[in-house]
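Heads up, the thing below is written out as structure tokens.
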Amino acid sequence: MNQDAIVFNRVTKTFPKAAKPAVNETNLRIEAGSFVTILGASGCGKTTLLKMINRIHEPSSGNILINGQEITKMPLNALRIQIGYVIQGIGLFPHLSIEENIATIPKVLKWSPKRIEERIDYLLDLVHLPQSFKKRYPAQLSGGQQQRVGLARAMAGDPAIMLMDEPFGAIDAITRESLQDEMIQIQKKLNKTILFVTHDVQEAMKLGDRIIVMNEGTIQQYDTPLEILARPANEFVQKLVKSDNQFNQLDLIKAEDAMVPIDSAPNASSWGEARVTGRESSLKSVLLLLLQPEVSVVWVVDEQDIPVGSITWEQLKLKV
Amino acid sequence: MDYAIKHYDQLLLLTVQHIFLTLATLVIALLIALPVSLLLLRVQAFTIPVLAALGLVYVVPSMAMFAFLVPLVGVGITPALIALIAYSQLFLVRNLLAGFKSINPSIIEAGRGMGLGSLRLFWRIELPLALPIIIGGIRLTITTTIGIATIASWINAGGLGVLLFDGLYQNNPAKIIWGALLVSGMAILSNQLLFRLERKALRRAKGEVSL
């Protein structure tokens, strides 16, 4: 068996009374531990594709395997318990406190109260919520905070696979960005397989190791963000990802895709402000730094402020 | 007052009969309304015809209903229960449906999606969230049942109506006053009690704001 977490074999889904299938003859392999975003306009079948994995929708034909096992051969709720599920509507239980919400699945799994409490503490830290929120109720939280709880609740049973259906779609732009950053950190840390549906090109590029571009029930391209930008498979993909100005396009490319990796650290004091933090930083922020006087090279540093690569004008130009 | 002291045993008996008739109606009516409502939530197409039929039943005057039932099942508690249960269905089914439909669909989707079984989902999530509206239906049911049960004494079902009818026939104001006092007291009391329960359930369903 290879390392595929999710496999689609010729999966078609046609809803009753629909003229065209929502998802058409789709084959797909999602590698374990990868962060895959599904990008497309509304009605393209991206949500249907996602919701067939936890059997909210059943395929009309074809089959789906997770970790090599066909999902229809497992008891329904046993399948769902091993899959974290986060939706745009969040769906916290309003009559239960934050800790009770998070404890829902651990209680079904009959964990000991001590283990559940430790898990809640750990998850609240992970999603950056204060421990004092435990006894609060969902209505007392902001939308962004509620979705953090939604995320913690979905991860409570430590599922290896997470399905996320436009989870940040209803959240304000500033909060959405920090949630995206945290999502990347969480995935790095816990190595979950994440499938993330979005209609936001920027979000898909930022989060995904690979992106599935969908249109009219068919996968148009399944590739890394850089490949999709550099070599769109067809006109549809090109139109979708091609920004009308190059400045916006720079926002879609990560620093790590343009940098020259380095292993020895140059004298840190000489950098001044010419550094960006994180391999996922966009080339837009790199460009802004390069435009400053006296800056000819931008250093990419990791979270510990250790340099991992450098970007110059020449390297930046190559990517545009 | 003298009357109450002299006949306290009869007053007590009739009150207990009245309470029993009301509670029996409520329990049996709920046992019918709950599965009916859950079925209607699955088969939406039947909702409107069923509610219309229950509405029709509700507007049949109680005297006519009893007169219709007596030839079929005789007099006594049986026709009274049948009629009262039939009247109860409108408020109960309507409010059960409204209660379950008031739940944000995202909550149900999240619950199902994370792997909660349908029984657990029903008891832990759906019922507590629908409860305020359901209790509202129970409140209406109980107050109308207490009222209509008074008339049921006309077909020998007992209860405080006996006092009222006797009072009318015998031109005995003490009986009329005590009967009316007890019936309305019972109705007001249960209305207040359920109203409090309803508010408590609502606070719980919204997540109590504990500061």
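Convention: chains lettered A, B, ... in structure tokens order; per-chain residue numbering from 1; ligands numbered from 1 as shown.
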* To do: Determine which residues of stretch 79-245 of chain A DSSP labels as helix (DSSP H, G or I) from the backbone of this structure, then write them out as a VMD selection string.
  => chain A and resid 79 to 81 98 to 102 104 to 108 113 to 126 131 to 133 138 to 140 143 to 155 173 to 190 201 to 207 225 to 230 235 to 241
Residues of chain A within 10 Å of chain B, counting only C-alpha atoms, what are they? List them as a JSON list (two decimals) with N, CA and C atoms, in the first residue's frame.
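Output file out_10.json is given in full below:
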```
[["chain", "number", "residue", "atom", "x", "y", "z"],
["A", 51, "LYS", "N", -17.74, 16.36, 0.51],
["A", 51, "LYS", "CA", -18.74, 15.75, 1.40],
["A", 51, "LYS", "C", -19.05, 14.30, 1.06],
["A", 54, "ASN", "N", -16.89, 12.02, 3.83],
["A", 54, "ASN", "CA", -17.49, 11.60, 5.11],
["A", 54, "ASN", "C", -18.96, 11.19, 4.93],
["A", 55, "ARG", "N", -19.30, 10.90, 3.71],
["A", 55, "ARG", "CA", -20.61, 10.34, 3.36],
["A", 55, "ARG", "C", -21.80, 11.21, 3.78],
["A", 56, "ILE", "N", -21.60, 12.53, 3.75],
["A", 56, "ILE", "CA", -22.76, 13.42, 3.84],
["A", 56, "ILE", "C", -23.53, 13.23, 2.52],
["A", 76, "LEU", "N", -20.81, 3.86, 9.45],
["A", 76, "LEU", "CA", -20.84, 5.28, 9.09],
["A", 76, "LEU", "C", -20.20, 6.18, 10.16],
["A", 77, "ASN", "N", -20.64, 6.02, 11.41],
["A", 77, "ASN", "CA", -20.14, 6.94, 12.42],
["A", 77, "ASN", "C", -18.69, 6.67, 12.81],
["A", 78, "ALA", "N", -18.27, 5.41, 12.67],
["A", 78, "ALA", "CA", -16.86, 5.10, 12.91],
["A", 78, "ALA", "C", -16.00, 5.82, 11.87],
["A", 79, "LEU", "N", -16.49, 5.86, 10.63],
["A", 79, "LEU", "CA", -15.77, 6.58, 9.57],
["A", 79, "LEU", "C", -15.69, 8.07, 9.92],
["A", 80, "ARG", "N", -16.83, 8.63, 10.29],
["A", 80, "ARG", "CA", -16.87, 10.07, 10.53],
["A", 80, "ARG", "C", -16.04, 10.48, 11.73],
["A", 81, "ILE", "N", -15.95, 9.60, 12.73],
["A", 81, "ILE", "CA", -15.19, 9.96, 13.92],
["A", 81, "ILE", "C", -13.70, 10.08, 13.59],
["A", 82, "GLN", "N", -13.22, 9.32, 12.57],
["A", 82, "GLN", "CA", -11.80, 9.46, 12.24],
["A", 82, "GLN", "C", -11.53, 10.59, 11.25],
["A", 83, "ILE", "N", -12.56, 11.37, 10.95],
["A", 83, "ILE", "CA", -12.37, 12.50, 10.03],
["A", 83, "ILE", "C", -12.83, 13.78, 10.72],
["A", 84, "GLY", "N", -11.95, 14.75, 10.79],
["A", 84, "GLY", "CA", -12.35, 16.05, 11.36],
["A", 84, "GLY", "C", -13.15, 16.82, 10.33],
["A", 85, "TYR", "N", -14.19, 17.53, 10.78],
["A", 85, "TYR", "CA", -15.08, 18.19, 9.83],
["A", 85, "TYR", "C", -15.33, 19.62, 10.29],
["A", 86, "VAL", "N", -14.95, 20.57, 9.47],
["A", 86, "VAL", "CA", -15.14, 21.98, 9.80],
["A", 86, "VAL", "C", -15.91, 22.64, 8.67],
["A", 87, "ILE", "N", -17.01, 23.35, 9.00],
["A", 87, "ILE", "CA", -17.83, 23.94, 7.94],
["A", 87, "ILE", "C", -17.95, 25.44, 8.11],
["A", 88, "GLN", "N", -18.38, 26.08, 7.04],
["A", 88, "GLN", "CA", -18.49, 27.54, 7.05],
["A", 88, "GLN", "C", -19.46, 28.02, 8.13],
["A", 89, "GLY", "N", -20.57, 27.28, 8.30],
["A", 89, "GLY", "CA", -21.58, 27.66, 9.29],
["A", 89, "GLY", "C", -21.16, 27.38, 10.73],
["A", 90, "ILE", "N", -19.96, 26.85, 10.92],
["A", 90, "ILE", "CA", -19.36, 26.50, 12.21],
["A", 90, "ILE", "C", -20.18, 25.45, 12.97],
["A", 91, "GLY", "N", -21.44, 25.78, 13.30],
["A", 91, "GLY", "CA", -22.31, 24.76, 13.91],
["A", 91, "GLY", "C", -21.91, 24.34, 15.31],
["A", 92, "LEU", "N", -21.42, 25.29, 16.11],
["A", 92, "LEU", "CA", -21.18, 24.94, 17.52],
["A", 92, "LEU", "C", -22.53, 24.67, 18.19],
["A", 93, "PHE", "N", -22.52, 23.82, 19.21],
["A", 93, "PHE", "CA", -23.75, 23.53, 19.93],
["A", 93, "PHE", "C", -23.98, 24.66, 20.93],
["A", 94, "PRO", "N", -25.00, 25.51, 20.69],
["A", 94, "PRO", "CA", -25.12, 26.74, 21.49],
["A", 94, "PRO", "C", -25.45, 26.50, 22.96],
["A", 95, "HIS", "N", -26.02, 25.34, 23.27],
["A", 95, "HIS", "CA", -26.40, 25.09, 24.65],
["A", 95, "HIS", "C", -25.29, 24.43, 25.45],
["A", 96, "LEU", "N", -24.17, 24.17, 24.79],
["A", 96, "LEU", "CA", -23.05, 23.55, 25.49],
["A", 96, "LEU", "C", -21.89, 24.54, 25.59],
["A", 97, "SER", "N", -21.15, 24.47, 26.70],
["A", 97, "SER", "CA", -20.01, 25.37, 26.88],
["A", 97, "SER", "C", -18.91, 24.98, 25.89],
["A", 104, "THR", "N", -17.13, 16.67, 22.81],
["A", 104, "THR", "CA", -18.19, 15.84, 22.23],
["A", 104, "THR", "C", -17.68, 14.47, 21.75],
["A", 105, "ILE", "N", -16.71, 14.48, 20.87],
["A", 105, "ILE", "CA", -16.24, 13.21, 20.32],
["A", 105, "ILE", "C", -15.41, 12.40, 21.33],
["A", 108, "VAL", "N", -17.79, 10.42, 23.18],
["A", 108, "VAL", "CA", -18.30, 9.27, 22.40],
["A", 108, "VAL", "C", -17.26, 8.15, 22.42],
["A", 135, "LYS", "N", -15.43, 27.70, 30.03],
["A", 135, "LYS", "CA", -16.77, 27.70, 30.62],
["A", 135, "LYS", "C", -17.72, 28.64, 29.87],
["A", 136, "ARG", "N", -17.22, 29.32, 28.85],
["A", 136, "ARG", "CA", -18.10, 30.24, 28.13],
["A", 136, "ARG", "C", -18.97, 29.47, 27.14],
["A", 137, "TYR", "N", -19.95, 30.21, 26.60],
["A", 137, "TYR", "CA", -20.85, 29.61, 25.62],
["A", 137, "TYR", "C", -20.60, 30.24, 24.26],
["A", 138, "PRO", "N", -20.90, 29.50, 23.18],
["A", 138, "PRO", "CA", -20.60, 30.01, 21.84],
["A", 138, "PRO", "C", -21.10, 31.43, 21.58],
["A", 139, "ALA", "N", -22.30, 31.77, 22.08],
["A", 139, "ALA", "CA", -22.85, 33.09, 21.80],
["A", 139, "ALA", "C", -21.99, 34.22, 22.36],
["A", 140, "GLN", "N", -21.12, 33.89, 23.32],
["A", 140, "GLN", "CA", -20.28, 34.92, 23.93],
["A", 140, "GLN", "C", -18.99, 35.14, 23.15],
["A", 150, "GLY", "N", -14.52, 25.58, 16.64],
["A", 150, "GLY", "CA", -14.95, 24.59, 15.66],
["A", 150, "GLY", "C", -13.78, 23.71, 15.22],
["A", 153, "ARG", "N", -12.76, 21.48, 18.12],
["A", 153, "ARG", "CA", -13.73, 20.40, 18.28],
["A", 153, "ARG", "C", -13.51, 19.32, 17.22],
["A", 154, "ALA", "N", -13.21, 19.77, 15.99],
["A", 154, "ALA", "CA", -13.01, 18.81, 14.90],
["A", 154, "ALA", "C", -11.75, 17.98, 15.12],
["A", 155, "MET", "N", -10.76, 18.56, 15.82],
["A", 155, "MET", "CA", -9.51, 17.83, 16.02],
["A", 155, "MET", "C", -9.49, 17.05, 17.33],
["A", 157, "GLY", "N", -10.79, 14.34, 18.54],
["A", 157, "GLY", "CA", -10.54, 12.89, 18.52],
["A", 157, "GLY", "C", -9.26, 12.53, 17.80],
["A", 163, "LEU", "N", -11.52, 17.53, 6.91],
["A", 163, "LEU", "CA", -12.24, 18.09, 5.78],
["A", 163, "LEU", "C", -12.74, 19.47, 6.19]]
```
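Using only C-alpha atoms, the protein and nucleic acid residues lying no more than 7 Å from A:Ala5, apart from those fewer than 3 places from it along its own chain, are Ile30, Glu31, Ala32, Ile66 and Asn67 of chain A.
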* Quick one: residues within 8 Å of stretch 279-284 of chain A, only C-alpha atoms counted, chain neighbours fewer than 3 positions away excluded, as a VMD selection string? -> chain A and resid 206 247 to 248 250 to 256 258 276 287 to 288 300 to 302 316
For the residues in the current selection, export all heavy atoms as a short mmCIF file (atom, residue, chain, number, x, y, z; two decimals), in the first residue's frame.
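The result, written out as selection01.cif:
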```cif
data_model
loop_
_atom_site.label_atom_id
_atom_site.label_comp_id
_atom_site.auth_asym_id
_atom_site.auth_seq_id
_atom_site.Cartn_x
_atom_site.Cartn_y
_atom_site.Cartn_z
N LYS A 206 -2.22 30.07 -0.88
CA LYS A 206 -1.47 30.25 0.36
C LYS A 206 -1.43 28.96 1.18
O LYS A 206 -0.39 28.59 1.72
CB LYS A 206 -2.13 31.36 1.18
CG LYS A 206 -1.46 31.65 2.50
CD LYS A 206 -2.15 32.81 3.19
CE LYS A 206 -1.55 33.04 4.58
NZ LYS A 206 -2.24 34.13 5.28
N PHE A 247 1.36 42.57 -9.82
CA PHE A 247 1.52 42.81 -8.39
C PHE A 247 0.69 41.79 -7.59
O PHE A 247 1.16 41.19 -6.63
CB PHE A 247 1.08 44.23 -8.07
CG PHE A 247 1.46 44.67 -6.69
CD1 PHE A 247 2.78 44.62 -6.27
CD2 PHE A 247 0.50 45.17 -5.83
CE1 PHE A 247 3.14 45.03 -5.00
CE2 PHE A 247 0.85 45.56 -4.54
CZ PHE A 247 2.17 45.50 -4.13
N ASN A 248 -0.56 41.59 -8.05
CA ASN A 248 -1.39 40.61 -7.37
C ASN A 248 -0.85 39.20 -7.54
O ASN A 248 -0.96 38.36 -6.66
CB ASN A 248 -2.82 40.67 -7.91
CG ASN A 248 -3.58 41.81 -7.28
OD1 ASN A 248 -3.17 42.34 -6.26
ND2 ASN A 248 -4.68 42.20 -7.90
N LEU A 250 2.17 38.33 -7.66
CA LEU A 250 3.27 38.12 -6.71
C LEU A 250 2.74 37.68 -5.35
O LEU A 250 3.42 36.97 -4.61
CB LEU A 250 4.06 39.43 -6.54
CG LEU A 250 5.05 39.77 -7.65
CD1 LEU A 250 5.67 41.12 -7.38
CD2 LEU A 250 6.13 38.71 -7.76
N ASP A 251 1.55 38.10 -5.05
CA ASP A 251 0.94 37.74 -3.77
C ASP A 251 0.66 36.25 -3.67
O ASP A 251 0.47 35.70 -2.60
CB ASP A 251 -0.35 38.55 -3.60
CG ASP A 251 -0.66 38.80 -2.14
OD1 ASP A 251 0.27 38.66 -1.31
OD2 ASP A 251 -1.80 39.13 -1.83
N LEU A 252 0.58 35.60 -4.83
CA LEU A 252 0.21 34.19 -4.85
C LEU A 252 1.42 33.26 -4.77
O LEU A 252 1.27 32.06 -4.59
CB LEU A 252 -0.59 33.87 -6.12
CG LEU A 252 -1.87 34.68 -6.32
CD1 LEU A 252 -2.48 34.35 -7.67
CD2 LEU A 252 -2.85 34.39 -5.20
N ILE A 253 2.63 33.83 -4.94
CA ILE A 253 3.82 32.98 -4.94
C ILE A 253 4.52 33.09 -3.59
O ILE A 253 4.66 34.17 -3.03
CB ILE A 253 4.78 33.40 -6.08
CG1 ILE A 253 4.03 33.39 -7.42
CG2 ILE A 253 5.98 32.45 -6.15
CD1 ILE A 253 4.85 33.90 -8.59
N LYS A 254 4.94 31.93 -3.10
CA LYS A 254 5.59 31.92 -1.78
C LYS A 254 7.08 32.20 -1.92
O LYS A 254 7.70 31.82 -2.91
CB LYS A 254 5.39 30.55 -1.13
CG LYS A 254 3.94 30.25 -0.80
CD LYS A 254 3.77 28.80 -0.40
CE LYS A 254 2.29 28.45 -0.33
NZ LYS A 254 2.07 27.01 -0.43
N ALA A 255 7.63 32.81 -0.88
CA ALA A 255 9.05 33.17 -0.88
C ALA A 255 9.92 31.95 -1.13
O ALA A 255 10.91 32.01 -1.86
CB ALA A 255 9.41 33.82 0.44
N GLU A 256 9.54 30.81 -0.57
CA GLU A 256 10.39 29.62 -0.69
C GLU A 256 10.49 29.14 -2.14
O GLU A 256 11.44 28.46 -2.50
CB GLU A 256 9.89 28.50 0.21
CG GLU A 256 8.52 27.96 -0.15
CD GLU A 256 8.14 26.79 0.75
OE1 GLU A 256 9.02 26.19 1.37
OE2 GLU A 256 6.93 26.50 0.82
N ALA A 258 10.92 31.11 -4.68
CA ALA A 258 11.77 32.00 -5.45
C ALA A 258 13.17 32.12 -4.86
O ALA A 258 14.10 32.56 -5.53
CB ALA A 258 11.13 33.38 -5.54
N VAL A 276 12.16 38.76 5.45
CA VAL A 276 10.76 38.36 5.61
C VAL A 276 10.75 37.09 6.44
O VAL A 276 11.65 36.28 6.36
CB VAL A 276 10.04 38.11 4.26
CG1 VAL A 276 9.85 39.41 3.51
CG2 VAL A 276 10.77 37.08 3.43
N LEU A 287 8.95 42.02 -2.66
CA LEU A 287 9.08 43.12 -3.60
C LEU A 287 9.09 44.47 -2.87
O LEU A 287 9.92 45.34 -3.15
CB LEU A 287 7.93 43.09 -4.61
CG LEU A 287 7.85 44.30 -5.55
CD1 LEU A 287 9.01 44.28 -6.55
CD2 LEU A 287 6.54 44.34 -6.30
N LEU A 288 8.18 44.60 -1.93
CA LEU A 288 8.08 45.87 -1.18
C LEU A 288 9.42 46.19 -0.48
O LEU A 288 9.82 47.34 -0.40
CB LEU A 288 6.94 45.81 -0.16
CG LEU A 288 5.55 45.84 -0.79
CD1 LEU A 288 4.48 45.60 0.26
CD2 LEU A 288 5.31 47.15 -1.52
N VAL A 300 15.16 35.41 3.66
CA VAL A 300 13.99 34.70 4.18
C VAL A 300 14.43 33.98 5.45
O VAL A 300 15.37 33.19 5.42
CB VAL A 300 13.46 33.68 3.15
CG1 VAL A 300 12.22 32.98 3.69
CG2 VAL A 300 13.16 34.37 1.82
N VAL A 301 13.76 34.31 6.56
CA VAL A 301 14.14 33.67 7.81
C VAL A 301 12.98 32.82 8.33
O VAL A 301 11.83 33.09 8.01
CB VAL A 301 14.54 34.72 8.88
CG1 VAL A 301 15.74 35.52 8.42
CG2 VAL A 301 13.37 35.64 9.22
N ASP A 302 13.31 31.80 9.11
CA ASP A 302 12.25 30.98 9.69
C ASP A 302 11.77 31.60 11.01
O ASP A 302 12.19 32.70 11.38
CB ASP A 302 12.71 29.53 9.85
CG ASP A 302 13.82 29.39 10.88
OD1 ASP A 302 14.10 30.37 11.60
OD2 ASP A 302 14.43 28.30 10.94
N LEU A 316 13.57 37.39 -8.42
CA LEU A 316 12.18 37.82 -8.40
C LEU A 316 11.63 37.93 -9.82
O LEU A 316 10.53 37.48 -10.13
CB LEU A 316 12.07 39.17 -7.68
CG LEU A 316 10.67 39.65 -7.33
CD1 LEU A 316 10.06 38.76 -6.27
CD2 LEU A 316 10.71 41.08 -6.83
#
```
* Can you pull out every residue within 6 Å of stretch 172-178 of chain B, counting only C-alpha atoms, but drop anything in the same chain fewer than 4 positions away, and send it as JSON, numbers by chain? => {"B": [163, 164, 167]}
Using only C-alpha atoms, find each residue of stretch 126-168 of chain B with at least one atom at most 7 Å away from an atom of stretch 72-94 of chain B; report its shortest atom-to-atom pair and that distance in Å (one decimal), sort the rows by chain and rising residue number, and return the result as a Markdown table.
```
| residue | atom | partner | partner_atom | distance |
| --- | --- | --- | --- | --- |
| B:Gly137 | CA | B:Leu92 | CA | 5.2 |
| B:Ile138 | CA | B:Leu92 | CA | 6.4 |
| B:Leu140 | CA | B:Phe91 | CA | 6.8 |
| B:Thr141 | CA | B:Ser88 | CA | 5.5 |
| B:Thr145 | CA | B:Leu84 | CA | 6.3 |
| B:Ala152 | CA | B:Ala80 | CA | 5.6 |
| B:Ile155 | CA | B:Val75 | CA | 5.4 |
| B:Asn156 | CA | B:Gly76 | CA | 4.6 |
| B:Ala157 | CA | B:Ile77 | CA | 4.4 |
```
* **In stretch 4-208 of chain A, DSSP strand (DSSP E) residues written as a PyMOL selection string** => chain A and resi 4-13+23-31+35-39+61-66+69-70+83-87+161-165+193-198
Selection: 8 Å around A:Met214, only C-alpha atoms, excl. self and same-chain fewer than 6 positions, as an mmCIF file with N, CA and C atoms, in the first residue's frame:
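After the write, result-v8.cif holds the following:
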```cif
data_model
loop_
_atom_site.group_PDB
_atom_site.id
_atom_site.type_symbol
_atom_site.label_atom_id
_atom_site.label_comp_id
_atom_site.auth_asym_id
_atom_site.auth_seq_id
_atom_site.Cartn_x
_atom_site.Cartn_y
_atom_site.Cartn_z
ATOM 1 N N ILE A 38 -9.168 22.790 -2.509
ATOM 2 C CA ILE A 38 -10.034 22.564 -3.667
ATOM 3 C C ILE A 38 -10.621 23.911 -4.047
ATOM 4 N N LEU A 39 -10.298 24.355 -5.263
ATOM 5 C CA LEU A 39 -10.646 25.696 -5.688
ATOM 6 C C LEU A 39 -11.639 25.640 -6.842
ATOM 7 N N GLY A 40 -12.640 26.507 -6.772
ATOM 8 C CA GLY A 40 -13.596 26.567 -7.871
ATOM 9 C C GLY A 40 -14.712 27.527 -7.522
ATOM 10 N N ALA A 41 -15.511 27.880 -8.535
ATOM 11 C CA ALA A 41 -16.644 28.766 -8.293
ATOM 12 C C ALA A 41 -17.759 27.978 -7.622
ATOM 13 N N CYS A 44 -19.440 24.271 -8.658
ATOM 14 C CA CYS A 44 -18.508 23.525 -9.505
ATOM 15 C C CYS A 44 -18.339 22.088 -9.037
ATOM 16 N N GLY A 45 -18.900 21.767 -7.872
ATOM 17 C CA GLY A 45 -18.802 20.396 -7.376
ATOM 18 C C GLY A 45 -17.759 20.206 -6.298
ATOM 19 N N LYS A 46 -17.101 21.310 -5.898
ATOM 20 C CA LYS A 46 -16.002 21.148 -4.935
ATOM 21 C C LYS A 46 -16.493 20.694 -3.562
ATOM 22 N N GLN A 220 -9.913 20.195 -13.216
ATOM 23 C CA GLN A 220 -9.224 20.805 -14.344
ATOM 24 C C GLN A 220 -7.713 20.639 -14.213
ATOM 25 N N GLN A 221 -7.241 20.753 -12.985
ATOM 26 C CA GLN A 221 -5.817 20.606 -12.744
ATOM 27 C C GLN A 221 -5.593 20.281 -11.280
#
```
* To do: Rounded to one decimal place, report the atom CA of A:Ile228-atom CA of A:Thr14 distance in Å.
  =>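 Interatomic distance here is 28.1 Å.
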* Structure fact -> The residue from B:Val50, B:Gly55, B:Trp154, B:Phe100 with the smallest atom-to-atom distance to B:Phe122, counting only C-alpha atoms, is B:Phe100
* List the neighbours of A:Leu229 out to 9 Å using only C-alpha atoms; skip same-chain residues closer than 4 positions along the sequence, and give me the result as a ChimeraX atom specification. => /A:224-225,237-238,241-242,249,252-253
* Suppose you want the space between atom CA of B:Asn191 and atom CA of B:Thr143; what is it in Å? ->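 Atom CA of B:Asn191 sits 6.6 Å away from atom CA of B:Thr143.
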